[in-house]
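**Student:** Handing over input_26.cif, mmCIF, C-alpha atoms and all ligand atoms.
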```cif
data_structure
loop_
_atom_site.label_atom_id
_atom_site.label_comp_id
_atom_site.auth_asym_id
_atom_site.auth_seq_id
_atom_site.Cartn_x
_atom_site.Cartn_y
_atom_site.Cartn_z
CA MET A 1 123.92 101.06 4.14
CA GLY A 2 122.91 97.89 5.96
CA LYS A 3 123.53 94.47 4.41
CA HIS A 4 121.24 91.46 4.22
CA LEU A 5 122.66 88.44 6.06
CA VAL A 6 120.88 85.16 5.34
CA LEU A 7 121.40 81.99 7.38
CA VAL A 8 120.31 78.71 5.79
CA GLY A 9 119.60 76.30 8.66
CA GLY A 10 119.74 77.12 12.34
CA GLY A 11 122.02 74.22 13.19
CA HIS A 12 124.75 73.71 15.76
CA ALA A 13 127.31 75.96 14.00
CA HIS A 14 124.91 78.94 13.91
CA MET A 15 124.09 78.93 17.65
CA VAL A 16 126.37 81.83 18.61
CA THR A 17 125.34 83.84 15.55
CA LEU A 18 121.67 83.27 16.43
CA ALA A 19 122.29 84.26 20.06
CA ASN A 20 123.90 87.52 18.84
CA LEU A 21 121.51 88.24 16.01
CA HIS A 22 120.39 91.49 17.67
CA LYS A 23 123.92 92.86 17.24
CA PHE A 24 123.60 92.66 13.44
CA VAL A 25 120.20 94.36 13.66
CA GLU A 26 121.55 97.10 15.99
CA LYS A 27 124.24 97.86 13.40
CA GLY A 28 121.55 98.38 10.74
CA HIS A 29 121.73 95.01 8.97
CA ASN A 30 118.81 92.75 8.10
CA VAL A 31 118.98 89.11 9.09
CA THR A 32 116.86 86.31 7.62
CA VAL A 33 117.01 82.70 8.80
CA ILE A 34 115.60 79.93 6.60
CA GLY A 35 114.70 76.58 8.17
CA PRO A 36 112.24 73.72 7.59
CA SER A 37 111.13 73.75 11.23
CA ALA A 38 110.56 76.43 13.87
CA TYR A 39 112.87 74.36 16.09
CA HIS A 40 116.35 72.91 15.88
CA TYR A 41 116.99 69.60 17.66
CA TYR A 42 120.28 68.87 19.39
CA SER A 43 121.50 65.60 17.90
CA GLY A 44 123.72 64.63 20.85
CA MET A 45 120.56 64.10 22.93
CA GLY A 46 118.48 62.61 20.07
CA PRO A 47 118.99 58.94 20.99
CA GLY A 48 118.22 59.82 24.64
CA MET A 49 114.96 61.41 23.53
CA LEU A 50 114.13 58.22 21.63
CA GLY A 51 114.75 56.30 24.87
CA LYS A 52 112.56 58.78 26.86
CA ILE A 53 115.51 59.96 28.96
CA TYR A 54 114.69 63.42 27.55
CA THR A 55 111.50 64.99 26.26
CA PRO A 56 111.46 66.77 22.87
CA ASP A 57 111.33 70.10 24.76
CA ASP A 58 114.56 69.23 26.58
CA ILE A 59 116.53 68.90 23.36
CA ARG A 60 115.22 71.63 21.07
CA PHE A 61 115.95 75.28 20.45
CA ALA A 62 113.11 77.62 19.48
CA THR A 63 114.92 79.01 16.43
CA LYS A 64 111.98 80.98 14.98
CA HIS A 65 111.19 82.61 18.31
CA VAL A 66 114.84 83.53 18.97
CA VAL A 67 115.19 85.08 15.50
CA GLU A 68 111.98 87.11 15.64
CA LYS A 69 112.56 88.22 19.23
CA GLN A 70 115.81 89.88 18.16
CA GLY A 71 114.37 91.65 15.13
CA GLY A 72 115.25 89.10 12.44
CA THR A 73 112.97 87.38 9.92
CA PHE A 74 112.33 83.65 10.01
CA VAL A 75 111.29 81.97 6.76
CA LEU A 76 109.79 78.52 7.25
CA GLY A 77 111.05 76.53 4.28
CA LYS A 78 113.77 74.43 2.77
CA ALA A 79 116.53 75.93 0.64
CA VAL A 80 117.15 73.79 -2.43
CA ARG A 81 119.53 75.85 -4.55
CA VAL A 82 121.58 79.01 -4.59
CA ASP A 83 122.62 81.17 -7.54
CA PRO A 84 125.72 83.06 -6.35
CA GLY A 85 125.75 85.05 -9.62
CA VAL A 86 122.57 86.91 -8.68
CA LYS A 87 122.96 86.28 -4.92
CA THR A 88 119.63 84.47 -4.62
CA ILE A 89 118.48 81.39 -2.70
CA PHE A 90 115.66 79.26 -4.06
CA LEU A 91 113.30 77.48 -1.68
CA LYS A 92 111.36 74.26 -2.27
CA SER A 93 108.13 76.29 -2.08
CA GLY A 94 109.21 78.37 -5.11
CA GLU A 95 109.99 81.42 -2.95
CA THR A 96 113.30 83.23 -3.45
CA VAL A 97 115.41 85.15 -0.95
CA SER A 98 118.24 87.48 -1.98
CA TYR A 99 121.32 88.11 0.14
CA ASP A 100 124.53 90.08 0.49
CA VAL A 101 126.19 87.64 2.87
CA LEU A 102 125.09 84.01 3.16
CA SER A 103 125.93 81.27 5.64
CA PHE A 104 125.03 77.59 5.38
CA ASN A 105 124.47 75.31 8.34
CA ALA A 106 122.03 72.96 6.66
CA GLY A 107 123.52 69.74 8.06
CA SER A 108 123.48 66.32 6.52
CA TYR A 109 121.04 63.55 5.69
CA VAL A 110 120.95 59.75 5.53
CA PRO A 111 120.75 58.59 1.88
CA LEU A 112 117.73 56.32 1.31
CA THR A 113 119.19 54.45 -1.67
CA ASN A 114 118.66 51.01 -0.11
CA VAL A 115 114.95 51.52 0.58
CA LYS A 116 113.06 49.57 -2.06
CA ASP A 117 109.39 50.08 -1.26
CA ASN A 118 107.10 52.76 0.19
CA GLY A 119 109.24 52.94 3.32
CA LYS A 120 106.50 52.20 5.86
CA ASP A 121 108.06 51.67 9.31
CA ILE A 122 111.49 52.62 7.97
CA TYR A 123 112.95 55.71 9.68
CA SER A 124 116.26 57.47 9.12
CA VAL A 125 118.01 58.79 12.24
CA LYS A 126 118.10 62.30 10.75
CA PRO A 127 116.39 64.72 10.96
CA ILE A 128 116.41 64.16 14.73
CA GLU A 129 112.75 65.27 15.08
CA LYS A 130 111.75 62.10 13.14
CA LEU A 131 112.80 60.11 16.23
CA ILE A 132 109.65 61.45 17.95
CA ASP A 133 107.47 59.69 15.34
CA ALA A 134 109.70 56.60 15.47
CA GLN A 135 109.27 56.38 19.23
CA ALA A 136 105.46 56.61 18.97
CA ARG A 137 105.35 53.92 16.29
CA ILE A 138 107.62 51.52 18.21
CA MET A 139 105.44 51.95 21.30
CA GLU A 140 102.34 51.20 19.23
CA LEU A 141 103.89 48.05 17.72
CA VAL A 142 105.28 46.67 20.99
CA SER A 143 101.92 47.20 22.67
CA LYS A 144 100.53 44.51 20.31
CA LYS A 145 103.27 41.88 19.98
CA LYS A 146 106.95 41.03 20.11
CA ILE A 147 108.57 42.74 17.12
CA ILE A 148 111.97 42.79 15.43
CA VAL A 149 113.72 46.18 15.31
CA SER A 150 116.56 46.39 12.77
CA ILE A 151 119.21 49.08 12.73
CA ILE A 152 121.17 49.47 9.51
CA GLY A 153 124.59 50.97 10.11
CA GLY A 154 127.61 50.13 12.20
CA GLY A 155 128.70 53.46 13.68
CA PRO A 156 128.06 55.28 16.98
CA SER A 157 124.58 56.46 16.01
CA ALA A 158 123.53 52.85 15.27
CA ALA A 159 124.91 51.79 18.68
CA GLU A 160 123.16 54.62 20.53
CA ILE A 161 119.86 54.04 18.71
CA ALA A 162 119.97 50.30 19.47
CA GLY A 163 120.76 50.91 23.15
CA ASN A 164 117.97 53.46 23.47
CA VAL A 165 115.37 51.30 21.71
CA TRP A 166 116.25 48.74 24.38
CA GLY A 167 115.87 51.37 27.13
CA LEU A 168 112.57 52.64 25.72
CA THR A 169 110.93 49.25 25.41
CA ARG A 170 112.42 47.88 28.61
CA ASN A 171 111.09 50.80 30.69
CA TYR A 172 107.87 51.64 28.87
CA GLY A 173 106.93 48.84 26.44
CA GLN A 174 104.66 45.87 26.86
CA ASN A 175 106.71 43.41 24.78
CA MET A 176 110.49 43.46 24.56
CA PRO A 177 111.54 43.49 20.87
CA ALA A 178 114.41 41.57 19.30
CA ILE A 179 116.99 44.24 18.37
CA ARG A 180 119.48 43.59 15.59
CA ILE A 181 122.24 45.84 14.24
CA PHE A 182 123.37 45.29 10.64
CA ALA A 183 126.90 46.61 11.04
CA GLY A 184 128.38 45.92 7.59
CA LYS A 185 131.67 44.05 7.82
CA LYS A 186 132.86 45.48 11.13
CA PHE A 187 130.96 47.20 13.95
CA MET A 188 132.39 50.65 14.91
CA SER A 189 135.17 50.13 12.38
CA ARG A 190 136.52 53.72 12.72
CA PHE A 191 137.35 53.11 16.39
CA PRO A 192 140.17 51.24 18.16
CA GLY A 193 139.53 47.69 19.36
CA ASN A 194 139.08 48.59 23.05
CA VAL A 195 136.32 51.15 22.27
CA ARG A 196 134.61 48.74 19.88
CA ARG A 197 134.66 45.96 22.45
CA LYS A 198 133.20 48.13 25.25
CA VAL A 199 130.33 49.39 23.10
CA ALA A 200 129.61 45.94 21.65
CA GLU A 201 129.70 44.33 25.09
CA SER A 202 127.25 46.86 26.51
CA LEU A 203 124.78 45.94 23.76
CA THR A 204 125.26 42.19 23.41
CA LYS A 205 125.00 41.53 27.14
CA ARG A 206 121.46 42.91 26.90
CA GLY A 207 120.64 40.54 24.04
CA ILE A 208 121.12 43.04 21.20
CA GLU A 209 122.49 41.19 18.19
CA ILE A 210 125.32 42.70 16.10
CA LEU A 211 125.69 41.20 12.61
CA GLU A 212 128.98 41.69 10.76
CA GLN A 213 128.24 39.45 7.79
CA GLY A 214 128.33 42.16 5.11
CA TYR A 215 126.55 45.20 3.76
CA VAL A 216 122.82 45.59 3.38
CA LYS A 217 121.62 45.66 -0.22
CA GLU A 218 117.91 46.23 0.21
CA VAL A 219 115.50 47.38 2.91
CA LYS A 220 111.77 46.80 2.67
CA THR A 221 109.04 47.23 5.27
CA ASP A 222 109.18 43.56 6.26
CA HIS A 223 112.70 42.46 5.42
CA VAL A 224 116.37 43.41 5.20
CA THR A 225 118.52 41.72 2.55
CA LEU A 226 122.31 41.57 2.60
CA GLU A 227 124.50 41.78 -0.52
CA SER A 228 125.06 38.04 -0.10
CA GLY A 229 121.33 37.49 -0.70
CA VAL A 230 120.60 36.40 2.88
CA SER A 231 117.36 37.96 4.09
CA TYR A 232 116.09 38.79 7.60
CA ASN A 233 112.56 39.59 8.76
CA THR A 234 111.95 42.99 10.29
CA ASP A 235 108.99 44.94 11.68
CA PHE A 236 110.62 48.30 12.20
CA THR A 237 113.88 49.58 10.70
CA PHE A 238 116.20 52.49 11.43
CA LEU A 239 118.64 53.72 8.81
CA ALA A 240 121.75 54.88 10.64
CA LEU A 241 124.12 54.74 7.69
CA GLY A 242 126.82 57.32 7.04
CA VAL A 243 125.45 60.81 6.42
CA LYS A 244 125.96 62.97 3.34
CA PRO A 245 126.14 66.80 3.35
CA SER A 246 123.04 68.71 2.25
CA PRO A 247 122.62 68.35 -1.54
CA ILE A 248 122.20 72.14 -2.05
CA PHE A 249 125.77 72.72 -3.21
CA GLU A 250 125.92 70.03 -5.88
CA GLU A 251 122.47 71.16 -7.07
CA SER A 252 123.85 74.68 -7.39
CA GLY A 253 127.06 73.71 -9.18
CA MET A 254 129.14 75.28 -6.41
CA PRO A 255 132.68 74.17 -5.55
CA THR A 256 132.39 71.19 -3.20
CA GLY A 257 134.63 68.64 -1.53
CA PRO A 258 134.61 64.99 -2.63
CA ASP A 259 131.65 64.30 -0.29
CA GLY A 260 129.51 67.04 -1.89
CA GLY A 261 129.88 69.43 1.06
CA LEU A 262 130.39 73.16 0.50
CA LEU A 263 134.12 73.70 -0.01
CA VAL A 264 135.39 76.24 2.53
CA ASN A 265 138.81 77.72 3.31
CA LYS A 266 140.30 78.40 6.75
CA TYR A 267 137.82 81.30 7.21
CA LEU A 268 134.89 78.88 6.70
CA GLN A 269 134.34 80.81 3.46
CA SER A 270 133.75 79.59 -0.08
CA PRO A 271 137.02 80.26 -1.95
CA LYS A 272 135.09 81.13 -5.12
CA TYR A 273 132.29 83.20 -3.55
CA PRO A 274 133.69 85.31 -0.68
CA GLY A 275 130.20 86.32 0.50
CA ILE A 276 129.30 82.69 1.24
CA PHE A 277 130.26 80.92 4.48
CA GLY A 278 129.30 77.67 6.18
CA GLY A 279 129.72 75.36 9.15
CA GLY A 280 128.76 71.94 10.51
CA ASP A 281 128.12 68.75 8.59
CA CYS A 282 127.34 70.56 5.31
CA ILE A 283 130.87 71.88 4.72
CA TYR A 284 134.09 70.37 3.45
CA PHE A 285 136.96 72.07 5.31
CA LYS A 286 139.66 72.25 2.65
CA ASP A 287 142.72 72.27 4.94
CA GLN A 288 141.72 69.19 6.96
CA PRO A 289 138.60 67.12 6.24
CA LEU A 290 136.58 66.93 9.47
CA ASP A 291 134.51 64.10 10.94
CA LYS A 292 130.77 64.67 10.72
CA VAL A 293 130.33 65.24 14.44
CA GLY A 294 128.58 68.01 16.31
CA VAL A 295 131.83 68.80 18.13
CA TYR A 296 133.25 70.57 15.06
CA ALA A 297 130.01 72.43 14.40
CA VAL A 298 130.13 73.70 17.99
CA ARG A 299 133.81 74.68 17.73
CA GLU A 300 133.11 76.62 14.51
CA ASN A 301 130.50 78.83 16.19
CA PRO A 302 132.61 81.79 17.38
CA VAL A 303 134.61 81.93 14.14
CA LEU A 304 131.50 81.80 11.98
CA TYR A 305 129.87 84.55 14.05
CA HIS A 306 133.01 86.71 13.89
CA ASN A 307 133.39 86.22 10.14
CA LEU A 308 129.74 86.89 9.32
CA MET A 309 129.95 90.12 11.30
CA ALA A 310 133.25 90.96 9.55
CA ALA A 311 131.69 90.27 6.15
CA VAL A 312 128.77 92.65 6.71
CA GLU A 313 130.91 95.31 8.41
CA GLY A 314 133.90 95.03 6.05
CA THR A 315 136.43 94.11 8.77
CA ASP A 316 139.02 91.31 9.01
CA LEU A 317 138.16 87.63 8.96
CA MET A 318 139.55 85.18 11.49
CA PRO A 319 140.77 81.62 10.73
CA PHE A 320 139.23 78.47 12.18
CA ASP A 321 141.43 76.02 14.03
CA PRO A 322 139.70 72.61 14.31
CA GLY A 323 141.66 71.83 17.50
CA GLY A 324 142.87 68.46 18.69
CA ASP A 325 141.22 65.21 19.65
CA TYR A 326 137.70 65.50 21.01
CA LEU A 327 135.78 63.91 23.84
CA LEU A 328 133.29 61.27 22.76
CA ILE A 329 130.67 59.81 25.07
CA PHE A 330 128.11 57.35 23.83
CA ASN A 331 124.74 57.12 25.53
CA MET A 332 124.13 53.37 25.75
CA GLY A 333 120.44 53.73 26.69
CA ASP A 334 120.58 51.85 30.01
CA GLY A 335 121.79 54.74 32.16
CA THR A 336 125.43 54.06 31.26
CA GLY A 337 127.85 55.56 28.78
CA VAL A 338 131.16 54.79 27.11
CA LEU A 339 133.62 57.68 27.35
CA ARG A 340 136.71 58.08 25.22
CA LYS A 341 139.28 60.84 24.97
CA LYS A 342 142.75 60.04 23.65
CA TRP A 343 143.96 57.16 25.84
CA ILE A 344 141.21 57.54 28.46
CA LEU A 345 138.43 54.99 28.11
CA PHE A 346 135.82 53.98 30.63
CA GLU A 347 132.22 52.91 30.76
CA GLY A 348 129.37 52.87 33.21
CA ARG A 349 127.08 55.30 35.02
CA PRO A 350 129.72 58.07 35.52
CA ALA A 351 130.34 58.27 31.75
CA PHE A 352 126.64 58.87 31.14
CA ILE A 353 126.42 61.43 33.98
CA ILE A 354 129.27 63.43 32.39
CA LYS A 355 127.57 63.36 28.98
CA ASP A 356 124.24 64.35 30.48
CA TYR A 357 125.86 67.26 32.35
CA ILE A 358 127.69 68.57 29.24
CA ASP A 359 124.63 68.21 26.99
CA ARG A 360 122.21 69.85 29.43
CA LYS A 361 124.68 72.71 30.01
CA PHE A 362 124.91 73.32 26.25
CA MET A 363 121.13 73.31 25.94
CA LYS A 364 120.64 75.62 28.92
CA LYS A 365 123.14 78.13 27.53
CA PHE A 366 121.24 78.60 24.29
CA GLN A 367 117.71 77.92 25.56
CA SER A 368 118.18 80.75 28.07
CA ILE A 369 118.03 83.21 25.13
CA GLU A 370 114.49 82.05 24.47
C1 LIG B 1 121.55 59.80 16.20
C2 LIG B 1 122.76 60.71 16.15
C3 LIG B 1 123.46 60.98 17.31
C4 LIG B 1 124.57 61.82 17.28
N1 LIG B 1 125.24 62.07 18.44
C5 LIG B 1 126.32 62.90 18.43
C6 LIG B 1 127.02 63.20 19.63
O1 LIG B 1 126.69 62.71 20.71
N2 LIG B 1 128.08 64.03 19.54
C7 LIG B 1 128.47 64.58 18.36
O2 LIG B 1 129.46 65.36 18.35
N3 LIG B 1 127.84 64.32 17.22
C8 LIG B 1 126.76 63.49 17.21
N4 LIG B 1 126.12 63.21 16.03
C9 LIG B 1 126.55 63.86 14.81
C10 LIG B 1 125.83 65.19 14.72
O3 LIG B 1 124.47 64.93 14.51
C11 LIG B 1 126.20 66.09 13.57
O4 LIG B 1 127.56 66.19 13.39
C12 LIG B 1 125.60 67.49 13.87
O5 LIG B 1 124.20 67.39 13.91
C13 LIG B 1 126.00 68.48 12.83
O6 LIG B 1 125.37 69.68 13.12
P1 LIG B 1 124.79 70.59 11.97
O7 LIG B 1 124.27 71.79 12.65
O8 LIG B 1 125.81 70.76 10.91
O9 LIG B 1 123.63 69.75 11.28
P2 LIG B 1 122.17 69.44 11.79
O10 LIG B 1 122.17 69.13 13.22
O11 LIG B 1 121.66 68.42 10.83
O12 LIG B 1 121.37 70.80 11.60
C14 LIG B 1 121.05 71.30 10.36
C15 LIG B 1 119.91 72.28 10.47
O13 LIG B 1 119.62 72.78 9.19
C16 LIG B 1 118.25 72.64 8.89
N5 LIG B 1 118.16 72.34 7.44
C17 LIG B 1 118.40 71.15 6.85
N6 LIG B 1 118.24 71.26 5.52
C18 LIG B 1 117.89 72.54 5.27
C19 LIG B 1 117.59 73.26 4.10
N7 LIG B 1 117.61 72.67 2.89
N8 LIG B 1 117.25 74.57 4.20
C20 LIG B 1 117.23 75.16 5.41
N9 LIG B 1 117.51 74.53 6.56
C21 LIG B 1 117.84 73.24 6.50
C22 LIG B 1 117.75 71.50 9.76
O14 LIG B 1 116.39 71.63 10.04
C23 LIG B 1 118.62 71.66 10.99
O15 LIG B 1 118.02 72.53 11.90
C24 LIG B 1 124.99 62.38 16.06
C25 LIG B 1 124.29 62.09 14.89
C26 LIG B 1 123.17 61.27 14.92
C27 LIG B 1 122.42 60.98 13.65
#
```
Take the structure in the file and write it out as structure tokens.
**Tutor:**
Amino acid sequence: MGKHLVLVGGGHAHMVTLANLHKFVEKGHNVTVIGPSAYHYYSGMGPGMLGKIYTPDDIRFATKHVVEKQGGTFVLGKAVRVDPGVKTIFLKSGETVSYDVLSFNAGSYVPLTNVKDNGKDIYSVKPIEKLIDAQARIMELVSKKKIIVSIIGGGPSAAEIAGNVWGLTRNYGQNMPAIRIFAGKKFMSRFPGNVRRKVAESLTKRGIEILEQGYVKEVKTDHVTLESGVSYNTDFTFLALGVKPSPIFEESGMPTGPDGGLLVNKYLQSPKYPGIFGGGDCIYFKDQPLDKVGVYAVRENPVLYHNLMAAVEGTDLMPFDPGGDYLLIFNMGDGTGVLRKKWILFEGRPAFIIKDYIDRKFMKKFQSIE
């Protein structure tokens, strides 16, 4: 008898499974995909979309369409909890979905703990689709006056967002804003000095300010306050702080890693509930904690697909090998990039062209299914 496979989130780690969904259906299984949007946005091109290098259509996958076209069911909604005892997922809407085999690729979110008022003109960098609204609002504000754009966070997404706000307003805005990054105590602190310097230089030479005076305590619509009590005016603020895995697992009392991500073994499988799998930012890979980067979600794809098929068919699982160092290219928003792999480091137009080529190729591969 066929099994019911349920995918929560159509993120980067589910791409290959989604592309091969018809194979589950052909073998007599039912597949349901739950997601809060009919589309999934590719985060690697998100800052470029903010900067109008890409349109929203360039960077999104039509998840609902791809699922339904292959004979699956798409449920528009947000999963909030799972009860593995009765194999049921609970949605925010109150709906429930039961499963035999379940896979999570529900990503991560930016915690809003520092936001102290109604949050007007404060945008988090995830979900990526929010950057469409952020872009429209920035354009509206800069059409009236010179504004201050603040970016809270000192990692690569803060750098890319700052660079692309510069690109957006430089190419399409009426008034150039002041752009300020609140980078905590050290900008790009996870990276070696030479990478940090190249990224910082690219931004500061365009007048983007990088503050390293300490952590932000409070964000309101019109000001940003540091832990030291020093306050700065702002008109528009991005939250690009470290992400946290989807809260579903802690809500459900499931075994998690220290970051709250779904604990998975080398088969990307919950050690306690063998019918539950996961990939991407929402998991905690027990053998070797992984950075929250799309690269790992993409690498997990074939293993997750194989193991979900094995779980419904009753065949052998295959282990995931995270692989070695990965290529990182930052889109600096002015047509240049900073590329780093192991000891190779360079910046400029060629770095951006390589990133653009890789990202467009990835999109084309999965958009072609549509
Ligand atoms: C601005 C920015 C730029 C980045 N650039 C890069 C880059 O260039 N390279 C790189 O490797 N990494 C990059 N990252 C990191 C990258 O975004 C993540 O590692 C990657 O998105 C993880 O993929 P994912 O599929 O696990 O999660 P997501 O991309 O967040 O996808 C999760 C999916 O699940 C859905 N979902 C969420 N909650 C629920 C729910 N409760 N129920 C059902 N569905 C749900 C969402 O709608 C979404 O479709 C960037 C991050 C940001 C914020």
**Student:** Quick one: of A:Val82, A:Val293, A:Leu102, A:Leu226, who's nearest to ligand LIG 1 (chain B), counting only C-alpha atoms and all ligand atoms?
**Tutor:**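 Ranked by minimum distance to ligand LIG 1 (chain B), first place goes to A:Val293.
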**Student:** Show which residues sit within 10 Å of stretch 257-264 of chain A, as a PyMOL selection string. Count all atoms listed in the file, and ignore same-chain residues fewer than 5 positions away.
**Tutor:** chain A and resi 104+107-108+243-251+269-274+276-287+289
**Student:** Interatomic distance between atom CA of A:Tyr305 and atom CA of A:Thr17?
**Tutor:**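 Taking atom CA of A:Tyr305 as the start and atom CA of A:Thr17 as the end point, the length is 4.8 Å.
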**Student:** Report the distance between atom CA of A:Asp57 and atom CA of A:Tyr39 in Å, rounded to one decimal place.
**Tutor:**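 Rounded to one decimal, the two atoms are 9.8 Å apart.
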**Student:** Let me make sure I understand: among A:Gly253, A:Gly35, A:Pro84, A:Gly167, which one has the smallest atom-to-atom distance to A:Pro47 if we use only C-alpha atoms?
**Tutor:**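 Using only C-alpha atoms, A:Pro47 sits closest to A:Gly167.
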**Student:** Taking all atoms listed in the file into account, which of A:Gly275, A:Ile329, A:Thr221, A:Tyr54 comes nearest A:Leu317?
**Tutor:**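 Result for the nearest residue to A:Leu317: A:Gly275.
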**Student:** Which one is closest to ligand LIG 1 (chain B): A:Ser228, A:Thr234, A:Asn105, A:Thr88? Count only C-alpha atoms and all ligand atoms.
**Tutor:** A:Asn105
**Student:** Using all atoms listed in the file, which protein or nucleic acid residues come within 9 Å of A:Gly154? Drop anything in the same chain fewer than 6 positions from it, and give the result as a ChimeraX atom specification.
**Tutor:** /A:181-189,210,212,240-242
**Student:** Within 9 Å of A:Arg299, counting only C-alpha atoms, which residues qualify if same-chain residues fewer than 5 places away don't, as a list of chain:residue names?
**Tutor:**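 These residues fall inside the cut-off: A:Ala13, A:Gly294, A:Phe320, A:Asp321, A:Pro322, A:Gly323.
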**Student:** Output requested as a PDB file, in the coordinates of the input - stretch 120-126 of chain A, filled out with all heavy atoms.
**Tutor:**
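The result, stored in selection_17.pdb:
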```
ATOM      1  N   LYS A 120     107.292  52.239   4.623  1.00  0.00           N
ATOM      2  CA  LYS A 120     106.500  52.200   5.860  1.00  0.00           C
ATOM      3  C   LYS A 120     107.323  51.536   6.980  1.00  0.00           C
ATOM      4  O   LYS A 120     107.961  50.501   6.755  1.00  0.00           O
ATOM      5  CB  LYS A 120     105.203  51.412   5.615  1.00  0.00           C
ATOM      6  CG  LYS A 120     104.264  51.431   6.794  1.00  0.00           C
ATOM      7  CD  LYS A 120     102.908  50.862   6.420  1.00  0.00           C
ATOM      8  CE  LYS A 120     101.945  50.921   7.571  1.00  0.00           C
ATOM      9  NZ  LYS A 120     102.194  49.968   8.628  1.00  0.00           N
ATOM     10  N   ASP A 121     107.311  52.152   8.137  1.00  0.00           N
ATOM     11  CA  ASP A 121     108.060  51.670   9.310  1.00  0.00           C
ATOM     12  C   ASP A 121     109.574  51.603   9.077  1.00  0.00           C
ATOM     13  O   ASP A 121     110.281  50.801   9.697  1.00  0.00           O
ATOM     14  CB  ASP A 121     107.512  50.320   9.799  1.00  0.00           C
ATOM     15  CG  ASP A 121     106.103  50.498  10.373  1.00  0.00           C
ATOM     16  OD1 ASP A 121     105.802  51.609  10.850  1.00  0.00           O
ATOM     17  OD2 ASP A 121     105.300  49.548  10.314  1.00  0.00           O
ATOM     18  N   ILE A 122     110.049  52.462   8.171  1.00  0.00           N
ATOM     19  CA  ILE A 122     111.490  52.620   7.970  1.00  0.00           C
ATOM     20  C   ILE A 122     111.806  54.088   8.267  1.00  0.00           C
ATOM     21  O   ILE A 122     111.235  54.989   7.636  1.00  0.00           O
ATOM     22  CB  ILE A 122     111.916  52.272   6.526  1.00  0.00           C
ATOM     23  CG1 ILE A 122     111.517  50.833   6.188  1.00  0.00           C
ATOM     24  CG2 ILE A 122     113.425  52.480   6.339  1.00  0.00           C
ATOM     25  CD1 ILE A 122     111.718  50.445   4.741  1.00  0.00           C
ATOM     26  N   TYR A 123     112.661  54.332   9.250  1.00  0.00           N
ATOM     27  CA  TYR A 123     112.950  55.710   9.680  1.00  0.00           C
ATOM     28  C   TYR A 123     114.452  55.964   9.596  1.00  0.00           C
ATOM     29  O   TYR A 123     115.242  55.140  10.061  1.00  0.00           O
ATOM     30  CB  TYR A 123     112.522  55.919  11.144  1.00  0.00           C
ATOM     31  CG  TYR A 123     111.028  56.042  11.310  1.00  0.00           C
ATOM     32  CD1 TYR A 123     110.210  54.925  11.188  1.00  0.00           C
ATOM     33  CD2 TYR A 123     110.439  57.262  11.601  1.00  0.00           C
ATOM     34  CE1 TYR A 123     108.841  55.023  11.339  1.00  0.00           C
ATOM     35  CE2 TYR A 123     109.065  57.375  11.764  1.00  0.00           C
ATOM     36  CZ  TYR A 123     108.271  56.253  11.625  1.00  0.00           C
ATOM     37  OH  TYR A 123     106.922  56.360  11.777  1.00  0.00           O
ATOM     38  N   SER A 124     114.846  57.128   9.055  1.00  0.00           N
ATOM     39  CA  SER A 124     116.260  57.470   9.120  1.00  0.00           C
ATOM     40  C   SER A 124     116.500  58.224  10.434  1.00  0.00           C
ATOM     41  O   SER A 124     115.576  58.827  10.989  1.00  0.00           O
ATOM     42  CB  SER A 124     116.693  58.290   7.915  1.00  0.00           C
ATOM     43  OG  SER A 124     115.996  59.488   7.872  1.00  0.00           O
ATOM     44  N   VAL A 125     117.736  58.184  10.927  1.00  0.00           N
ATOM     45  CA  VAL A 125     118.010  58.790  12.240  1.00  0.00           C
ATOM     46  C   VAL A 125     118.134  60.318  12.147  1.00  0.00           C
ATOM     47  O   VAL A 125     118.270  60.987  13.172  1.00  0.00           O
ATOM     48  CB  VAL A 125     119.260  58.197  12.911  1.00  0.00           C
ATOM     49  CG1 VAL A 125     119.010  56.745  13.277  1.00  0.00           C
ATOM     50  CG2 VAL A 125     120.498  58.323  12.035  1.00  0.00           C
ATOM     51  N   LYS A 126     118.138  60.848  10.924  1.00  0.00           N
ATOM     52  CA  LYS A 126     118.100  62.300  10.750  1.00  0.00           C
ATOM     53  C   LYS A 126     116.973  62.633   9.800  1.00  0.00           C
ATOM     54  O   LYS A 126     116.750  61.873   8.862  1.00  0.00           O
ATOM     55  CB  LYS A 126     119.426  62.820  10.163  1.00  0.00           C
ATOM     56  CG  LYS A 126     120.541  62.830  11.181  1.00  0.00           C
ATOM     57  CD  LYS A 126     121.702  63.652  10.704  1.00  0.00           C
ATOM     58  CE  LYS A 126     121.643  65.065  11.280  1.00  0.00           C
ATOM     59  NZ  LYS A 126     122.815  65.851  10.966  1.00  0.00           N
TER      60      LYS A 126
END
```
